[in-house]
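To be precise, the following lines are work-v4.pdb, and they hold PDB, C-alpha atoms.
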MODEL        1
ATOM      1  CA  MET A   9     125.322 140.579   1.685
ATOM      2  CA  LYS A  10     124.222 137.037   0.891
ATOM      3  CA  ASN A  11     126.572 134.268  -0.190
ATOM      4  CA  ILE A  12     129.592 136.355   0.702
ATOM      5  CA  SER A  13     132.191 133.826  -0.485
ATOM      6  CA  LYS A  14     130.473 133.711  -3.870
ATOM      7  CA  VAL A  15     130.488 137.498  -4.019
ATOM      8  CA  TYR A  16     134.206 137.704  -3.244
ATOM      9  CA  GLY A  17     134.925 135.121  -5.933
ATOM     10  CA  ARG A  18     133.073 137.141  -8.549
ATOM     11  CA  TRP A  19     134.780 140.383  -7.498
ATOM     12  CA  LEU A  20     138.183 138.704  -7.615
ATOM     13  CA  TRP A  21     137.566 137.692 -11.234
ATOM     14  CA  ILE A  22     136.665 141.277 -12.137
ATOM     15  CA  ILE A  23     139.730 142.721 -10.413
ATOM     16  CA  MET A  24     142.047 140.239 -12.109
ATOM     17  CA  ALA A  25     140.441 140.881 -15.491
ATOM     18  CA  VAL A  26     140.906 144.628 -15.254
ATOM     19  CA  CYS A  27     144.385 144.653 -13.737
ATOM     20  CA  LEU A  28     146.082 141.913 -15.726
ATOM     21  CA  PRO A  29     147.107 142.581 -19.333
ATOM     22  CA  GLN A  30     145.084 140.764 -21.947
ATOM     23  CA  ILE A  31     147.306 138.654 -24.194
ATOM     24  CA  ALA A  32     145.618 137.695 -27.441
ATOM     25  CA  ASP A  33     146.464 134.243 -28.766
ATOM     26  CA  GLY A  34     144.289 134.320 -31.864
ATOM     27  CA  LYS A  35     144.124 136.211 -35.111
ATOM     28  CA  VAL A  36     144.678 139.941 -35.577
ATOM     29  CA  TYR A  37     142.323 141.938 -37.785
ATOM     30  CA  HIS A  38     142.735 145.526 -38.967
ATOM     31  CA  VAL A  39     140.089 148.143 -39.776
ATOM     32  CA  SER A  40     140.638 151.484 -41.490
ATOM     33  CA  ALA A  41     138.068 154.127 -42.451
ATOM     34  CA  GLY A  42     140.203 155.151 -45.408
ATOM     35  CA  THR A  43     139.755 151.936 -47.397
ATOM     36  CA  ASP A  44     137.196 151.091 -50.083
ATOM     37  CA  GLY A  45     135.661 148.236 -48.096
ATOM     38  CA  SER A  46     137.123 145.400 -50.149
ATOM     39  CA  GLY A  47     139.928 144.470 -47.740
ATOM     40  CA  ASN A  48     140.394 141.119 -46.040
ATOM     41  CA  GLY A  49     141.308 142.462 -42.584
ATOM     42  CA  SER A  50     145.055 142.060 -42.926
ATOM     43  CA  GLU A  51     147.462 144.861 -42.072
ATOM     44  CA  GLU A  52     148.133 145.381 -45.784
ATOM     45  CA  SER A  53     144.427 145.243 -46.753
ATOM     46  CA  PRO A  54     142.276 146.262 -43.767
ATOM     47  CA  PHE A  55     138.520 146.032 -43.500
ATOM     48  CA  GLY A  56     136.655 149.249 -44.197
ATOM     49  CA  SER A  57     134.146 148.869 -41.354
ATOM     50  CA  LEU A  58     133.954 147.555 -37.818
ATOM     51  CA  GLN A  59     131.035 145.341 -38.758
ATOM     52  CA  SER A  60     133.214 143.448 -41.244
ATOM     53  CA  ALA A  61     135.626 142.614 -38.426
ATOM     54  CA  ALA A  62     132.751 141.801 -36.049
ATOM     55  CA  ASN A  63     131.453 139.254 -38.537
ATOM     56  CA  VAL A  64     134.600 137.106 -38.364
ATOM     57  CA  ALA A  65     136.482 137.822 -35.114
ATOM     58  CA  GLY A  66     136.217 135.291 -32.294
ATOM     59  CA  ALA A  67     137.740 134.182 -29.003
ATOM     60  CA  GLY A  68     141.357 135.239 -28.598
ATOM     61  CA  ASP A  69     141.277 137.600 -31.595
ATOM     62  CA  THR A  70     142.204 141.292 -31.584
ATOM     63  CA  VAL A  71     140.630 143.916 -33.819
ATOM     64  CA  TYR A  72     142.833 146.990 -34.320
ATOM     65  CA  VAL A  73     140.962 150.062 -35.578
ATOM     66  CA  ALA A  74     142.934 152.833 -37.268
ATOM     67  CA  GLY A  75     142.405 156.441 -36.206
ATOM     68  CA  GLY A  76     139.474 158.246 -37.780
ATOM     69  CA  THR A  77     135.708 158.708 -37.507
ATOM     70  CA  TYR A  78     133.341 155.771 -38.038
ATOM     71  CA  MET A  79     129.560 155.892 -38.403
ATOM     72  CA  VAL A  80     128.210 152.832 -36.626
ATOM     73  CA  SER A  81     124.643 151.670 -35.997
ATOM     74  CA  ASP A  82     123.775 148.434 -34.189
ATOM     75  CA  LEU A  83     127.117 146.704 -34.658
ATOM     76  CA  GLN A  84     126.599 143.090 -33.636
ATOM     77  CA  LEU A  85     129.133 140.364 -32.996
ATOM     78  CA  ARG A  86     128.879 136.932 -34.543
ATOM     79  CA  ASN A  87     130.980 135.383 -31.772
ATOM     80  CA  SER A  88     131.800 135.817 -28.108
ATOM     81  CA  GLY A  89     135.190 135.518 -26.505
ATOM     82  CA  ALA A  90     135.962 132.797 -23.975
ATOM     83  CA  GLU A  91     137.442 132.554 -20.500
ATOM     84  CA  GLY A  92     141.087 133.622 -20.753
ATOM     85  CA  ARG A  93     140.628 134.438 -24.461
ATOM     86  CA  TYR A  94     138.937 137.797 -24.849
ATOM     87  CA  LEU A  95     137.721 139.162 -28.146
ATOM     88  CA  VAL A  96     139.469 142.550 -28.032
ATOM     89  CA  PHE A  97     138.588 145.794 -29.841
ATOM     90  CA  MET A  98     141.068 148.659 -29.513
ATOM     91  CA  PRO A  99     142.600 151.523 -31.532
ATOM     92  CA  GLU A 100     145.607 150.755 -33.700
ATOM     93  CA  PRO A 101     148.616 152.115 -31.777
ATOM     94  CA  GLY A 102     150.117 155.230 -33.295
ATOM     95  CA  THR A 103     147.235 156.002 -35.681
ATOM     96  CA  GLY A 104     145.324 158.555 -33.616
ATOM     97  CA  GLU A 105     141.939 158.764 -31.942
ATOM     98  CA  VAL A 106     139.120 156.462 -33.015
ATOM     99  CA  VAL A 107     135.757 158.267 -32.871
ATOM    100  CA  LEU A 108     132.503 156.306 -33.121
ATOM    101  CA  ARG A 109     129.319 158.167 -34.063
ATOM    102  CA  HIS A 110     125.715 157.141 -34.616
ATOM    103  CA  PRO A 111     124.457 158.123 -38.093
ATOM    104  CA  ASP A 112     120.946 159.364 -37.206
ATOM    105  CA  THR A 113     120.539 163.144 -37.426
ATOM    106  CA  ALA A 114     116.857 163.075 -36.425
ATOM    107  CA  PRO A 115     114.679 160.701 -34.377
ATOM    108  CA  GLY A 116     114.619 157.402 -36.214
ATOM    109  CA  SER A 117     115.495 153.787 -35.557
ATOM    110  CA  PHE A 118     116.989 154.281 -32.074
ATOM    111  CA  THR A 119     119.616 151.585 -32.392
ATOM    112  CA  SER A 120     122.693 151.141 -30.231
ATOM    113  CA  VAL A 121     126.120 152.022 -31.571
ATOM    114  CA  LEU A 122     127.783 148.828 -30.299
ATOM    115  CA  ASN A 123     125.359 146.017 -29.501
ATOM    116  CA  PHE A 124     127.032 143.358 -27.334
ATOM    117  CA  SER A 125     123.713 141.889 -26.149
ATOM    118  CA  GLY A 126     124.072 138.328 -24.949
ATOM    119  CA  LYS A 127     127.818 138.211 -25.603
ATOM    120  CA  SER A 128     130.624 137.205 -23.245
ATOM    121  CA  TYR A 129     134.300 138.027 -22.762
ATOM    122  CA  ILE A 130     134.395 141.120 -24.983
ATOM    123  CA  TRP A 131     137.103 143.700 -24.226
ATOM    124  CA  LEU A 132     136.461 147.273 -25.479
ATOM    125  CA  ASP A 133     139.382 149.607 -24.854
ATOM    126  CA  GLY A 134     140.173 153.206 -25.747
ATOM    127  CA  PHE A 135     137.404 154.373 -28.115
ATOM    128  CA  SER A 136     135.712 157.793 -28.197
ATOM    129  CA  PHE A 137     131.931 158.086 -28.609
ATOM    130  CA  ARG A 138     131.192 161.694 -29.494
ATOM    131  CA  ASP A 139     128.576 164.142 -30.707
ATOM    132  CA  PHE A 140     125.434 162.178 -31.502
ATOM    133  CA  LYS A 141     121.903 162.637 -30.190
ATOM    134  CA  TYR A 142     119.507 159.961 -31.328
ATOM    135  CA  SER A 143     120.949 156.537 -30.587
ATOM    136  CA  LEU A 144     119.397 154.110 -28.127
ATOM    137  CA  CYS A 145     122.714 153.904 -26.260
ATOM    138  CA  ALA A 146     126.421 153.924 -27.043
ATOM    139  CA  VAL A 147     127.211 150.439 -25.663
ATOM    140  CA  ASN A 148     124.486 147.854 -25.141
ATOM    141  CA  LEU A 149     125.483 145.187 -22.598
ATOM    142  CA  ASP A 150     122.033 143.666 -22.225
ATOM    143  CA  ARG A 151     122.473 140.123 -20.823
ATOM    144  CA  ALA A 152     126.232 140.392 -21.423
ATOM    145  CA  THR A 153     128.655 138.559 -19.131
ATOM    146  CA  HIS A 154     132.375 138.938 -18.358
ATOM    147  CA  CYS A 155     132.770 141.972 -20.630
ATOM    148  CA  VAL A 156     135.100 144.925 -19.989
ATOM    149  CA  VAL A 157     134.635 148.542 -21.134
ATOM    150  CA  THR A 158     137.672 150.611 -20.225
ATOM    151  CA  ASN A 159     139.565 153.789 -21.159
ATOM    152  CA  CYS A 160     136.718 155.041 -23.374
ATOM    153  CA  ARG A 161     135.359 158.588 -23.690
ATOM    154  CA  PHE A 162     131.652 159.413 -24.015
ATOM    155  CA  GLU A 163     131.062 163.088 -24.837
ATOM    156  CA  GLN A 164     128.254 165.339 -26.093
ATOM    157  CA  LEU A 165     125.585 162.647 -26.279
ATOM    158  CA  GLY A 166     121.798 162.672 -25.948
ATOM    159  CA  ASN A 167     118.805 164.878 -26.639
ATOM    160  CA  ALA A 168     116.491 166.327 -23.989
ATOM    161  CA  ASP A 169     113.315 165.828 -26.033
ATOM    162  CA  VAL A 170     113.929 162.222 -27.068
ATOM    163  CA  ALA A 171     112.755 159.424 -24.786
ATOM    164  CA  PRO A 172     112.091 156.641 -27.295
ATOM    165  CA  GLN A 173     111.558 153.816 -24.815
ATOM    166  CA  TRP A 174     112.201 152.936 -21.193
ATOM    167  CA  ASN A 175     115.795 151.730 -21.770
ATOM    168  CA  GLY A 176     116.688 154.587 -24.132
ATOM    169  CA  ASN A 177     118.090 157.072 -21.634
ATOM    170  CA  ALA A 178     121.548 155.664 -20.817
ATOM    171  CA  VAL A 179     124.952 155.839 -22.492
ATOM    172  CA  ILE A 180     125.801 152.292 -21.344
ATOM    173  CA  TRP A 181     122.848 149.963 -20.818
ATOM    174  CA  MET A 182     123.367 146.908 -18.562
ATOM    175  CA  GLY A 183     120.063 145.076 -18.321
ATOM    176  CA  ASN A 184     120.360 141.646 -16.657
ATOM    177  CA  ALA A 185     124.131 141.922 -17.166
ATOM    178  CA  GLN A 186     126.414 139.826 -14.974
ATOM    179  CA  VAL A 187     130.098 139.975 -13.967
ATOM    180  CA  ASN A 188     131.096 142.882 -16.211
ATOM    181  CA  ALA A 189     133.522 145.733 -15.520
ATOM    182  CA  VAL A 190     133.058 149.357 -16.656
ATOM    183  CA  VAL A 191     136.178 151.109 -15.407
ATOM    184  CA  ASN A 192     138.404 154.125 -16.094
ATOM    185  CA  ASN A 193     135.998 155.788 -18.540
ATOM    186  CA  TYR A 194     135.132 159.480 -19.022
ATOM    187  CA  PHE A 195     131.570 160.794 -19.465
ATOM    188  CA  ALA A 196     130.966 164.499 -20.190
ATOM    189  CA  ASP A 197     128.155 166.731 -21.465
ATOM    190  CA  ILE A 198     125.546 163.979 -21.369
ATOM    191  CA  VAL A 199     121.782 164.508 -21.635
ATOM    192  CA  GLY A 200     120.132 161.693 -19.702
ATOM    193  CA  ASP A 201     121.826 158.869 -17.777
ATOM    194  CA  GLY A 202     125.372 157.530 -17.824
ATOM    195  CA  ILE A 203     125.405 153.847 -16.818
ATOM    196  CA  ALA A 204     122.183 151.928 -16.113
ATOM    197  CA  LEU A 205     122.206 148.725 -14.044
ATOM    198  CA  ASN A 206     118.756 147.255 -14.391
ATOM    199  CA  SER A 207     116.623 144.143 -13.795
ATOM    200  CA  GLN A 208     116.636 141.151 -11.446
ATOM    201  CA  ASP A 209     119.568 139.268 -12.971
ATOM    202  CA  CYS A 210     121.854 142.311 -13.110
ATOM    203  CA  GLU A 211     124.515 141.313 -10.585
ATOM    204  CA  TYR A 212     128.228 141.139  -9.743
ATOM    205  CA  ASN A 213     129.175 144.085 -11.982
ATOM    206  CA  LEU A 214     131.956 146.557 -11.166
ATOM    207  CA  LEU A 215     131.669 150.281 -11.985
ATOM    208  CA  ALA A 216     134.880 151.945 -10.818
ATOM    209  CA  ASN A 217     137.192 154.904 -11.440
ATOM    210  CA  ASN A 218     134.849 156.514 -13.948
ATOM    211  CA  THR A 219     134.533 160.302 -14.267
ATOM    212  CA  PHE A 220     131.166 162.016 -14.846
ATOM    213  CA  GLU A 221     130.988 165.727 -15.734
ATOM    214  CA  ARG A 222     128.111 168.019 -16.723
ATOM    215  CA  PHE A 223     125.022 165.848 -16.900
ATOM    216  CA  SER A 224     121.588 167.365 -17.616
ATOM    217  CA  GLY A 225     118.027 166.060 -17.496
ATOM    218  CA  LYS A 226     115.782 164.841 -20.287
ATOM    219  CA  LYS A 227     112.092 164.245 -20.769
ATOM    220  CA  ARG A 228     110.812 161.015 -19.242
ATOM    221  CA  SER A 229     107.700 159.068 -20.199
ATOM    222  CA  TRP A 230     106.672 158.781 -16.536
ATOM    223  CA  GLY A 231     106.725 162.519 -15.872
ATOM    224  CA  GLY A 232     109.017 165.358 -14.966
ATOM    225  CA  GLU A 233     109.983 167.713 -17.737
ATOM    226  CA  TYR A 234     113.774 167.611 -18.135
ATOM    227  CA  LEU A 235     114.287 166.951 -14.438
ATOM    228  CA  HIS A 236     115.958 163.590 -14.261
ATOM    229  CA  SER A 237     119.510 162.576 -15.008
ATOM    230  CA  ARG A 238     121.472 159.917 -13.169
ATOM    231  CA  CYS A 239     125.168 159.312 -13.753
ATOM    232  CA  ILE A 240     124.720 155.791 -12.360
ATOM    233  CA  ASP A 241     121.231 154.304 -12.169
ATOM    234  CA  VAL A 242     120.684 151.123 -10.111
ATOM    235  CA  GLN A 243     117.244 149.534 -10.040
ATOM    236  CA  ASP A 244     115.125 146.416  -9.897
ATOM    237  CA  MET A 245     117.555 143.775  -8.621
ATOM    238  CA  SER A 246     116.744 142.144  -5.276
ATOM    239  CA  ASP A 247     120.249 140.754  -4.723
ATOM    240  CA  GLY A 248     122.524 142.766  -7.000
ATOM    241  CA  ASN A 249     125.942 142.508  -5.342
ATOM    242  CA  ASN A 250     127.142 145.195  -7.769
ATOM    243  CA  VAL A 251     130.102 147.341  -6.694
ATOM    244  CA  ILE A 252     130.167 151.084  -7.448
ATOM    245  CA  ALA A 253     133.506 152.400  -6.235
ATOM    246  CA  SER A 254     135.894 155.355  -6.577
ATOM    247  CA  ASN A 255     133.878 157.212  -9.213
ATOM    248  CA  TYR A 256     134.089 161.020  -9.531
ATOM    249  CA  PHE A 257     131.154 163.345 -10.238
ATOM    250  CA  THR A 258     131.031 167.091 -10.916
ATOM    251  CA  GLY A 259     128.398 169.359 -12.437
ATOM    252  CA  THR A 260     125.719 166.647 -12.367
ATOM    253  CA  ARG A 261     122.075 166.444 -11.282
ATOM    254  CA  THR A 262     121.984 163.085  -9.471
ATOM    255  CA  CYS A 263     125.195 161.106  -9.108
ATOM    256  CA  ILE A 264     123.915 157.686  -7.952
ATOM    257  CA  TRP A 265     120.233 156.763  -7.950
ATOM    258  CA  MET A 266     119.046 153.467  -6.435
ATOM    259  CA  ASP A 267     115.463 153.058  -7.510
ATOM    260  CA  ARG A 268     112.645 150.637  -6.744
ATOM    261  CA  ASP A 269     114.206 147.276  -5.767
ATOM    262  CA  GLY A 270     117.842 148.284  -6.331
ATOM    263  CA  SER A 271     119.029 146.169  -3.435
ATOM    264  CA  ARG A 272     122.155 144.660  -1.855
ATOM    265  CA  ASN A 273     124.820 146.634  -3.666
ATOM    266  CA  VAL A 274     128.025 148.280  -2.424
ATOM    267  CA  LEU A 275     128.775 152.012  -2.859
ATOM    268  CA  LEU A 276     132.327 152.693  -1.733
ATOM    269  CA  ARG A 277     134.574 155.771  -1.812
ATOM    270  CA  ASN A 278     132.774 157.713  -4.510
ATOM    271  CA  PHE A 279     133.395 161.486  -4.607
ATOM    272  CA  ALA A 280     130.982 164.183  -5.775
ATOM    273  CA  GLU A 281     131.390 167.953  -5.921
ATOM    274  CA  ASN A 282     129.533 170.931  -7.371
ATOM    275  CA  SER A 283     126.484 168.776  -8.058
ATOM    276  CA  ARG A 284     122.867 168.716  -6.961
ATOM    277  CA  ASP A 285     122.157 165.295  -5.387
ATOM    278  CA  PHE A 286     124.762 162.684  -4.454
ATOM    279  CA  ILE A 287     123.125 159.372  -3.399
ATOM    280  CA  PHE A 288     119.407 158.614  -3.466
ATOM    281  CA  ASN A 289     118.133 155.327  -1.996
ATOM    282  CA  GLU A 290     114.416 154.647  -2.458
ATOM    283  CA  SER A 291     112.703 152.918   0.465
ATOM    284  CA  ARG A 292     112.047 149.755  -1.572
ATOM    285  CA  CYS A 293     115.825 149.260  -1.895
ATOM    286  CA  ALA A 294     117.164 147.049   0.891
ATOM    287  CA  GLY A 295     120.547 146.044   2.267
ATOM    288  CA  ASN A 296     122.747 148.471   0.333
ATOM    289  CA  ILE A 297     126.155 149.151   1.868
ATOM    290  CA  VAL A 298     127.130 152.838   1.524
ATOM    291  CA  MET A 299     130.567 153.611   2.979
ATOM    292  CA  GLU A 300     133.282 156.283   2.831
ATOM    293  CA  ASN A 301     131.636 158.405   0.122
ATOM    294  CA  ILE A 302     132.466 162.130   0.096
ATOM    295  CA  GLY A 303     130.333 165.025  -1.167
ATOM    296  CA  ALA A 304     131.529 168.641  -1.393
ATOM    297  CA  ASN A 305     129.435 171.629  -2.492
ATOM    298  CA  VAL A 306     126.395 169.418  -3.023
ATOM    299  CA  ASP A 307     123.318 171.642  -3.273
ATOM    300  CA  GLY A 308     120.674 168.969  -2.680
ATOM    301  CA  ILE A 309     120.869 165.691  -0.814
ATOM    302  CA  ALA A 310     124.080 164.008   0.254
ATOM    303  CA  PHE A 311     122.365 160.723   1.127
ATOM    304  CA  GLN A 312     118.632 160.158   1.345
ATOM    305  CA  THR A 313     116.427 157.127   1.851
ATOM    306  CA  ALA A 314     113.015 158.025   0.469
ATOM    307  CA  GLN A 315     110.065 157.209   2.695
ATOM    308  CA  TYR A 316     107.350 155.921   0.399
ATOM    309  CA  GLU A 317     104.357 154.592   2.317
ATOM    310  CA  GLY A 318     102.820 151.323   1.222
ATOM    311  CA  THR A 319     105.950 149.867  -0.377
ATOM    312  CA  GLY A 320     106.312 147.170   2.259
ATOM    313  CA  TRP A 321     109.955 148.050   2.867
ATOM    314  CA  THR A 322     111.758 149.677   5.742
ATOM    315  CA  PHE A 323     111.839 153.408   6.416
ATOM    316  CA  ASP A 324     115.294 153.006   7.944
ATOM    317  CA  ALA A 325     118.402 153.969   5.995
TER
ENDMDL
END

Starting from the file, give its structure as C-alpha cells.
Amino acid sequence: MKNISKVYGRWLWIIMAVCLPQIADGKVYHVSAGTDGSGNGSEESPFGSLQSAANVAGAGDTVYVAGGTYMVSDLQLRNSGAEGRYLVFMPEPGTGEVVLRHPDTAPGSFTSVLNFSGKSYIWLDGFSFRDFKYSLCAVNLDRATHCVVTNCRFEQLGNADVAPQWNGNAVIWMGNAQVNAVVNNYFADIVGDGIALNSQDCEYNLLANNTFERFSGKKRSWGGEYLHSRCIDVQDMSDGNNVIASNYFTGTRTCIWMDRDGSRNVLLRNFAENSRDFIFNESRCAGNIVMENIGANVDGIAFQTAQYEGTGWTFDA
C-alpha cells in the first residue's frame, strides 16, 4: 500500500465517524407521508415529502421521517453537511418503518431514488428500500465524500432484463467516491450488483459488516445472458485503498469481484457460504491485500486471479 500513513489517517476518520454518535447542532425537520404537503417541516406541521426537507436542510440539521411508504425519484440535496456537522436523515423514533420506493412500474427514466452525487457529510440511517425494479440505483454516491450509509435494508430490487446503462446495475453506486462508509446494511433478493466501487478517484471507502443474501444475475450490455451478479464490485482504480471487511454472503453468485484495474485494496475477514464464487481478482488488478477470508460450501472459486494474456500485468496472485 502506498502512502501508508495517509491511508491510516483516512481509515481512522471513517472508524470514528461510524462508531461515535452523531450529535446534531442545527435545525430539526419533520416529514410525514400522511400530510397534504403544505407543512413547514415543524413537528406540528411536517413536510409531506423528503424532497421538501432536502430543499432546505443543511449542515448540522436532522430530518426525521415518520413511518410509512414514500415514492421517491431522484431526490437531490441543495446543501451538503460539514466536518463535524452531518446532515442526517433518519426515521422518526417510535413511528414505524420508513420504506422508500421508486415510482416507475416499467422501464422509463432510470433515475436514482436518493441522489447524493457530489455531496459531503451526509448521514443516512435506518431506511428500507423495497420492492422496485426500474430505478438506476437506490443510493447514488457518485463523487460523494465523507458520507455514511448505515442500518438500511435493501430488498427485492432489480430486473433481470433491464440494463439501461453501464452504471445501472448496482443498488449503491460509488463512482469516484472518496472517504465514505457503507456499514451494517442488509441486502436481500437483489437482481444485479449490490455495491459498486468504480473509477480512478474511488478511494479510501469502507464497506463493512454488511449482509448479502440471494443475489441473481441480470443481462449485461457486454455479454452473458443473466450470468453476472456481484455483491461488491471493485474496478478501475489504480490506487484504491478501499477496505472491504467483515461482510457476510450467502446464496449469491459472486461475492467480491475485482475487475480491470481494481488495485491496491484490502479484503479482510469476509465470510461466504452456500454461494458460487467468493473472490475474483482479474490479472490487471495489482497489489490487493486479501487476508483471513473464509468460504464454506462455495461451489465455484474461493479465490482466483484470472490470467488474461496481453494485459501487461502479473500472472501472480

Checklist entry - At what distance in Å, to one decimal, does CA of Tyr72 (chain A) lie from CA of Pro54 (chain A)? => result 9.5 Å

Given the PyMOL selection byres ((chain A and resi 71) around 10) and the file above, list the residues it selects as a PDB file with C-alpha atoms, in the frame of the given file.
ATOM      1  CA  LYS A  35     144.124 136.211 -35.111  1.00  0.00           C
ATOM      2  CA  VAL A  36     144.678 139.941 -35.577  1.00  0.00           C
ATOM      3  CA  TYR A  37     142.323 141.938 -37.785  1.00  0.00           C
ATOM      4  CA  HIS A  38     142.735 145.526 -38.967  1.00  0.00           C
ATOM      5  CA  VAL A  39     140.089 148.143 -39.776  1.00  0.00           C
ATOM      6  CA  GLY A  49     141.308 142.462 -42.584  1.00  0.00           C
ATOM      7  CA  LEU A  58     133.954 147.555 -37.818  1.00  0.00           C
ATOM      8  CA  ALA A  61     135.626 142.614 -38.426  1.00  0.00           C
ATOM      9  CA  ALA A  62     132.751 141.801 -36.049  1.00  0.00           C
ATOM     10  CA  ALA A  65     136.482 137.822 -35.114  1.00  0.00           C
ATOM     11  CA  GLY A  66     136.217 135.291 -32.294  1.00  0.00           C
ATOM     12  CA  ASP A  69     141.277 137.600 -31.595  1.00  0.00           C
ATOM     13  CA  THR A  70     142.204 141.292 -31.584  1.00  0.00           C
ATOM     14  CA  TYR A  72     142.833 146.990 -34.320  1.00  0.00           C
ATOM     15  CA  VAL A  73     140.962 150.062 -35.578  1.00  0.00           C
ATOM     16  CA  ALA A  74     142.934 152.833 -37.268  1.00  0.00           C
ATOM     17  CA  LEU A  95     137.721 139.162 -28.146  1.00  0.00           C
ATOM     18  CA  VAL A  96     139.469 142.550 -28.032  1.00  0.00           C
ATOM     19  CA  PHE A  97     138.588 145.794 -29.841  1.00  0.00           C
ATOM     20  CA  MET A  98     141.068 148.659 -29.513  1.00  0.00           C
ATOM     21  CA  PRO A  99     142.600 151.523 -31.532  1.00  0.00           C
ATOM     22  CA  GLU A 100     145.607 150.755 -33.700  1.00  0.00           C
ATOM     23  CA  LEU A 132     136.461 147.273 -25.479  1.00  0.00           C
TER      24      LEU A 132
END

Item to check | Residues returned when the PyMOL selection byres ((chain A and resi 195-208) around 7) runs on this file, as a PyMOL selection string | outcome: chain A and resi 161-168+177-184+193-194+209-210+219-226+237-246

Checklist entry - Quick one: which residues end up in the PyMOL selection byres ((chain A and resi 262) around 6) for this structure, as a list in words? => result Arg238, Thr260, Arg261, Cys263, Ile264, Asp285 and Phe286 of chain A

Write out, as a compact mmCIF listing (two decimals), in the frame of the given file, the residues just selected, with C-alpha atoms.
# COMPACT_ATOMS: atom_id res chain seq x y z
CA ARG A 238 121.47 159.92 -13.17
CA THR A 260 125.72 166.65 -12.37
CA ARG A 261 122.08 166.44 -11.28
CA CYS A 263 125.20 161.11 -9.11
CA ILE A 264 123.92 157.69 -7.95
CA ASP A 285 122.16 165.30 -5.39
CA PHE A 286 124.76 162.68 -4.45

Checklist outcome for this item: A straight line from CA of Asn148 (chain A) to CA of Arg268 (chain A) spans 22.1 Å

Report, as JSON, the axis-aligned box around all atoms of region 51-69 of chain A present in the file, extended by 8 Å on each side; give centre and edge lengths in Å to one decimal place.
{"center_x": 139.6, "center_y": 141.7, "center_z": -37.7, "size_x": 33.1, "size_y": 31.1, "size_z": 34.2}

Next on the checklist: When you count only C-alpha atoms, which of these residues is closest to Ser136 (chain A): A:Thr77, A:Thr113, A:Asn255, A:Ser57?
Outcome noted: A:Thr77
